[in-house]
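J.: Below: one structure in structure tokens.
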Amino acid sequence: MTKLQIKPFDRNFGCSIELPSYAREDPSLLTPNDFEELRTALYNYLVVIIPNQEKLSPKSQYLLTKMFDKTIVDSKDDGEANYGHGKEFRHENSVLKKDGCSVKSQPQVQILGQGTFKAGEPGNENGEDIHLTHPSHTTFHHEPLSSEQIREKNQTRFYRWHIDSALYGLSPPKVTTLLGIKVPPSSKVQTIEYDDGSGDSLQLSQGATCFVSGKEAFDRLSNEEKDFALNTIVEYAPHPYIFISRAKATKDGLTMVSEGKELSLSDLPDWEEEKIKKLPMVWTNPLTREHHLQVHGCCLYKLHTKKGNKIETLEMEDARKKVYSLMRPAIASKNVLAHGWSEGDLVIFFNQGVWHSVTGEFKGMNNGLDEKRLMHQCNIASGEDPVTVF
Ligand SMILES: [Fe+2]
């Protein structure tokens with residue numbers, strides 16, 4: 001086959017792609033014309049799945065990820081670009097600390113998953129054993145599921161709806177690539193009960209990665225809400241993942257419960273005013289020109305809304321409530337694209353146009369043993385912040 005084949009999913013949210021034969025094992029080898037087709041598909045469908053990529057090397061994954069963003073700035077030290085979280089995500093107090101380790105030869109690629117992998121096992125070229133912990137909502141949600149709900153009723157939760165981004169100093173990556181190298185069989189099913197009076201529930205394969213479209217989320221808003229969103233700047237806390245490290249999330253993973261547990265700004269590691277991220281609430285898709293509602297509901301600090309020639313500010317607790325009301329309809333089960341993993345799946349998503357969440361409980365779920373999973377994830381801080389184009 002010489003041409004790239006695109007198969008769109010329902011509602012044109014998500015698609016699967018078959019690569020032309022010359023690039024079948026390495027999409028970073030696509031010709032500029034074929035790559036442009038892939039890039040166009042990404043901006044149109046927002047989530048792209050390329051099967052059978054288990055042999056993709058960390059170097060090629062890095063090169064491919066970088067191809068999507070011409071504004072990426074290489075570091076002066078080593079000529080390579082910054083991982084989307086820089087180095088801070090391994091800070092002792094960060095809620096991201098346990099989520100992975102880096103590929104030694106290509107530190108922008110993170111190894112995520114569950115279990116111990118010996119040196120030389122597929123996906124572990126680090127020359128030593130690695131130990132991975134799958135993020136479970138049980139350590140992050142305010143009211144986690146009971147062990148009976150997890151083990152006997154096979155329930156799980158959306159761990160944290162988010163955009164991949166440091167949200168301090170660095171700009172959000174345009175694209176994230178996620179490669180499933182070792183995954184549990186996708187035949188195992190778990191259920192998310194929304195448990196919020198809506199009666200909604202979502203069945204998904206164990207460890208599915210969930211996506212919602214920021215475009216659909218924006219389109220669904222009332223005219224009044226659209227007006228609010230288009231005129232609002234979201235201010236994030238300095239070192240946001242450390243700031244929220246003692247707080248707990250709502251049971252749908254959309255935002256944090258406000259009970260005063262955030263660190264005070266003076267207890268955070270040193271921070272600089274000019275590195276605080278103030279991003280528009282709506283990011284415009286550079287290809288389709290559609291507006292996407294893009295907020296990290298767990299890390300937000302304040303909302304600043306232009307009303308006439310005045311700016312009205314909502315402080316954190318009210319800002320969370322407001323954002324929650326705008327975001328909650330988007331995660332209804334009928335709107336969620338839940339990707340159940342097969343080994344070799346390469347998922348590329350437009351990080352500035354979707355929100356995503358980990359799901360799945362892996363501890364003790366394989367006849368009393370932990371499930372094993374290993375993935376390679378790469379995203380690179382962009383050279384520019386996303387903008388609303390009116
Ligand atoms: Fe993520």
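Starting from 1 in every chain, residues are counted up; chains themselves are A, B, ... following the order of the structure tokens, and ligands are numbered from 1 as listed.
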Report the closest atom pair, with its distance in Å rounded to one decimal, for each residue of chain A that has an atom no farther than 7 Å from ligand 1; count only C-alpha atoms and all ligand atoms, sort by chain and then rising residue number, and write it as JSON lines.
T.:
{"residue": "A:His162", "atom": "CA", "partner": "ligand 1", "partner_atom_place_in_ligand_line": "1 (Fe)", "distance": 6.4}
{"residue": "A:Ile163", "atom": "CA", "partner": "ligand 1", "partner_atom_place_in_ligand_line": "1 (Fe)", "distance": 6.3}
{"residue": "A:Asp164", "atom": "CA", "partner": "ligand 1", "partner_atom_place_in_ligand_line": "1 (Fe)", "distance": 4.8}
{"residue": "A:His356", "atom": "CA", "partner": "ligand 1", "partner_atom_place_in_ligand_line": "1 (Fe)", "distance": 6.4}
{"residue": "A:Ser357", "atom": "CA", "partner": "ligand 1", "partner_atom_place_in_ligand_line": "1 (Fe)", "distance": 6.7}
J.: Within region 61-242 of chain A, find each residue whose DSSP state, derived from the backbone, is alpha helix (DSSP H), and express the selection as a list of chain:residue names.
T.: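 Reading the DSSP output for region 61-242 of chain A, alpha helix (DSSP H) covers A:Gln61, A:Tyr62, A:Leu63, A:Leu64, A:Thr65, A:Lys66, A:Met67, A:Ser147, A:Glu148, A:Gln149, A:Ile150, A:Arg151, A:Gly214, A:Lys215, A:Glu216, A:Ala217, A:Phe218, A:Asp219, A:Asn223, A:Glu224, A:Glu225, A:Lys226, A:Asp227, A:Phe228, A:Ala229, A:Leu230, A:Pro240, A:Tyr241, A:Ile242.
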J.: For Glu92 (chain A), which residue out of A:Ile380, A:Leu268, A:Ile72, A:Ala249 is the nearest one, using only C-alpha atoms?
T.: A:Leu268
J.: Do you know which residues are at most 12 Å from Asp318 (chain A) counting only C-alpha atoms, after dropping those on the same chain fewer than 2 positions away, and could you put them as a list of chain:residue names?
T.: A:Thr255, A:Met256, A:Val257, A:Ser258, A:Leu300, A:Tyr301, A:Lys302, A:Leu303, A:His304, A:Thr313, A:Leu314, A:Glu315, A:Met316, A:Arg320, A:Lys321, A:Lys322, A:Val323, A:Tyr324, A:Ser325
J.: Would you output that residue set with N, CA and C atoms, as a short mmCIF file (atom, residue, chain, number, x, y, z; two decimals), in the first residue's frame?
T.:
data_model
loop_
_atom_site.label_atom_id
_atom_site.label_comp_id
_atom_site.auth_asym_id
_atom_site.auth_seq_id
_atom_site.Cartn_x
_atom_site.Cartn_y
_atom_site.Cartn_z
N THR A 255 -12.10 18.10 38.92
CA THR A 255 -11.51 19.22 39.65
C THR A 255 -11.20 18.77 41.08
N MET A 256 -10.74 19.72 41.91
CA MET A 256 -10.38 19.37 43.28
C MET A 256 -11.51 19.77 44.22
N VAL A 257 -11.61 19.03 45.32
CA VAL A 257 -12.56 19.39 46.37
C VAL A 257 -11.93 20.54 47.17
N SER A 258 -12.72 21.60 47.38
CA SER A 258 -12.18 22.78 48.08
C SER A 258 -12.36 22.61 49.58
N LEU A 300 -6.32 24.63 38.18
CA LEU A 300 -6.64 26.06 38.03
C LEU A 300 -6.64 26.77 39.38
N TYR A 301 -6.41 28.06 39.32
CA TYR A 301 -6.26 28.86 40.55
C TYR A 301 -7.29 29.99 40.59
N LYS A 302 -7.41 30.70 39.46
CA LYS A 302 -8.37 31.81 39.37
C LYS A 302 -8.88 31.93 37.95
N LEU A 303 -10.03 32.56 37.81
CA LEU A 303 -10.55 32.91 36.48
C LEU A 303 -10.66 34.43 36.40
N HIS A 304 -10.21 35.00 35.30
CA HIS A 304 -10.32 36.45 35.08
C HIS A 304 -11.17 36.67 33.83
N THR A 313 -12.85 38.76 38.67
CA THR A 313 -12.04 37.59 39.03
C THR A 313 -12.82 36.66 39.94
N LEU A 314 -12.80 35.37 39.61
CA LEU A 314 -13.34 34.36 40.52
C LEU A 314 -12.16 33.71 41.23
N GLU A 315 -12.21 33.70 42.55
CA GLU A 315 -11.15 33.05 43.32
C GLU A 315 -11.34 31.54 43.25
N MET A 316 -10.40 30.80 43.78
CA MET A 316 -10.28 29.37 43.49
C MET A 316 -11.55 28.55 43.69
N ARG A 320 -13.43 26.91 40.56
CA ARG A 320 -13.63 25.46 40.38
C ARG A 320 -15.09 25.14 40.10
N LYS A 321 -16.00 25.78 40.85
CA LYS A 321 -17.43 25.51 40.64
C LYS A 321 -17.86 25.90 39.23
N LYS A 322 -17.40 27.07 38.82
CA LYS A 322 -17.79 27.57 37.49
C LYS A 322 -17.27 26.64 36.40
N VAL A 323 -16.00 26.30 36.50
CA VAL A 323 -15.39 25.44 35.49
C VAL A 323 -16.06 24.07 35.49
N TYR A 324 -16.38 23.58 36.67
CA TYR A 324 -17.05 22.27 36.77
C TYR A 324 -18.37 22.30 36.01
N SER A 325 -19.12 23.38 36.18
CA SER A 325 -20.42 23.46 35.50
C SER A 325 -20.26 23.49 33.98
#
J.: Just want the 12 Å neighbourhood of Phe349 (chain A), counted on only C-alpha atoms, with same-chain residues fewer than 6 positions away dropped. Output as a PyMOL selection string.
T.: chain A and resi 13-16+38-39+41-50+65+68+163-164+173-179+209-214+337+339+355-356+377-379
J.: Skip region 184-189 of chain A itself and residues of its chain fewer than 4 positions away, then list as a ChimeraX atom specification all residues within 9 Å of it, counting only C-alpha atoms.
T.: /A:154-155,203-208,340-343,371-373
J.: Could the residues in this selection be saved with C-alpha atoms as an mmCIF file, in the first residue's frame?
T.:
data_model
loop_
_atom_site.group_PDB
_atom_site.id
_atom_site.type_symbol
_atom_site.label_atom_id
_atom_site.label_comp_id
_atom_site.auth_asym_id
_atom_site.auth_seq_id
_atom_site.Cartn_x
_atom_site.Cartn_y
_atom_site.Cartn_z
ATOM 1 C CA ASN A 154 -14.941 -4.311 38.713
ATOM 2 C CA GLN A 155 -15.479 -0.585 39.027
ATOM 3 C CA GLN A 203 -18.168 0.244 30.443
ATOM 4 C CA LEU A 204 -14.638 0.168 29.174
ATOM 5 C CA SER A 205 -11.774 -2.252 28.848
ATOM 6 C CA GLN A 206 -9.389 -2.334 31.778
ATOM 7 C CA GLY A 207 -6.928 0.554 31.610
ATOM 8 C CA ALA A 208 -8.639 2.295 28.691
ATOM 9 C CA GLY A 340 -8.994 0.004 25.003
ATOM 10 C CA TRP A 341 -5.377 -0.895 24.373
ATOM 11 C CA SER A 342 -3.957 -3.590 22.129
ATOM 12 C CA GLU A 343 -0.217 -4.174 22.141
ATOM 13 C CA GLU A 371 -1.709 -6.478 36.145
ATOM 14 C CA LYS A 372 1.392 -5.545 34.147
ATOM 15 C CA ARG A 373 1.551 -2.706 31.682
#
J.: What separation in Å, quoted to one decimal, exists between CA of Ala119 (chain A) and CA of Lys182 (chain A)?
T.: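 Those two atoms sit 14.5 Å apart.
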J.: Could you find all residues in region 97-208 of chain A that DSSP calls strand (DSSP E) from the backbone, and write them as number ranges by chain?
T.: A: 101-103, 106-117, 130-132, 175-182, 189-193, 201-205
J.: Using CA of His85 (chain A) and CA of Ser165 (chain A) as the two end points, give the distance in Å to one decimal.
T.: 5.9 Å
J.: Hey, which of A:Ile242, A:Glu152, A:Thr133, A:Asp219 ends up closest to Gly368 (chain A)? Count only C-alpha atoms.
T.: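 Under the stated criterion, the closest residue is A:Glu152.
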J.: Set the distance at 9 Å and use only C-alpha atoms: which residues neighbour Arg151 (chain A) once local chain neighbours fewer than 5 positions away are removed? I'd like the list as a ChimeraX atom specification.
T.: /A:146,361,364-365
J.: For the selection you just gave me, I'd like the residues written to a file as a PDB file, in the first residue's frame, keeping N, CA and C atoms.
T.:
ATOM      1  N   SER A 146     -14.629   1.665  47.238  1.00  0.00           N
ATOM      2  CA  SER A 146     -14.202   0.700  48.259  1.00  0.00           C
ATOM      3  C   SER A 146     -13.474  -0.444  47.548  1.00  0.00           C
ATOM      4  N   GLU A 361      -8.107  -0.078  37.302  1.00  0.00           N
ATOM      5  CA  GLU A 361      -7.491  -0.517  38.551  1.00  0.00           C
ATOM      6  C   GLU A 361      -6.664  -1.752  38.211  1.00  0.00           C
ATOM      7  N   GLY A 364      -3.797  -6.063  42.261  1.00  0.00           N
ATOM      8  CA  GLY A 364      -4.491  -7.263  42.731  1.00  0.00           C
ATOM      9  C   GLY A 364      -5.613  -7.724  41.815  1.00  0.00           C
ATOM     10  N   MET A 365      -5.623  -7.265  40.577  1.00  0.00           N
ATOM     11  CA  MET A 365      -6.761  -7.550  39.693  1.00  0.00           C
ATOM     12  C   MET A 365      -6.517  -8.719  38.750  1.00  0.00           C
TER      13      MET A 365
END
J.: For a quick check of understanding, using only C-alpha atoms, which of A:Glu148, A:Asp34, A:Glu290, A:Glu121 has the smallest distance to Ile181 (chain A)?
T.: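 Closest candidate: A:Glu121.
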J.: Just how far from CA of Asp196 (chain A) is CA of Arg160 (chain A), in Å to one decimal?
T.: 16.5 Å
J.: Smallest atom-to-atom distance to Asp267 (chain A): which of A:Gln190, A:Thr288, A:Asn335, A:Asn93, using only C-alpha atoms?
T.: A:Asn93
J.: For Phe117 (chain A), find every residue with an atom within 12 Å (counting only C-alpha atoms), except residues of its own chain fewer than 4 positions away, and show them as JSON, numbers by chain.
T.: {"A": [111, 112, 113, 121, 122, 123, 124, 125, 126, 127, 128, 129, 130, 131, 132, 133, 181, 182, 372, 373, 374, 375]}
J.: Which one is closest to Glu25 (chain A): A:Gly344, A:Pro240, A:Gly360, A:Pro386? Count only C-alpha atoms.
T.: A:Gly344
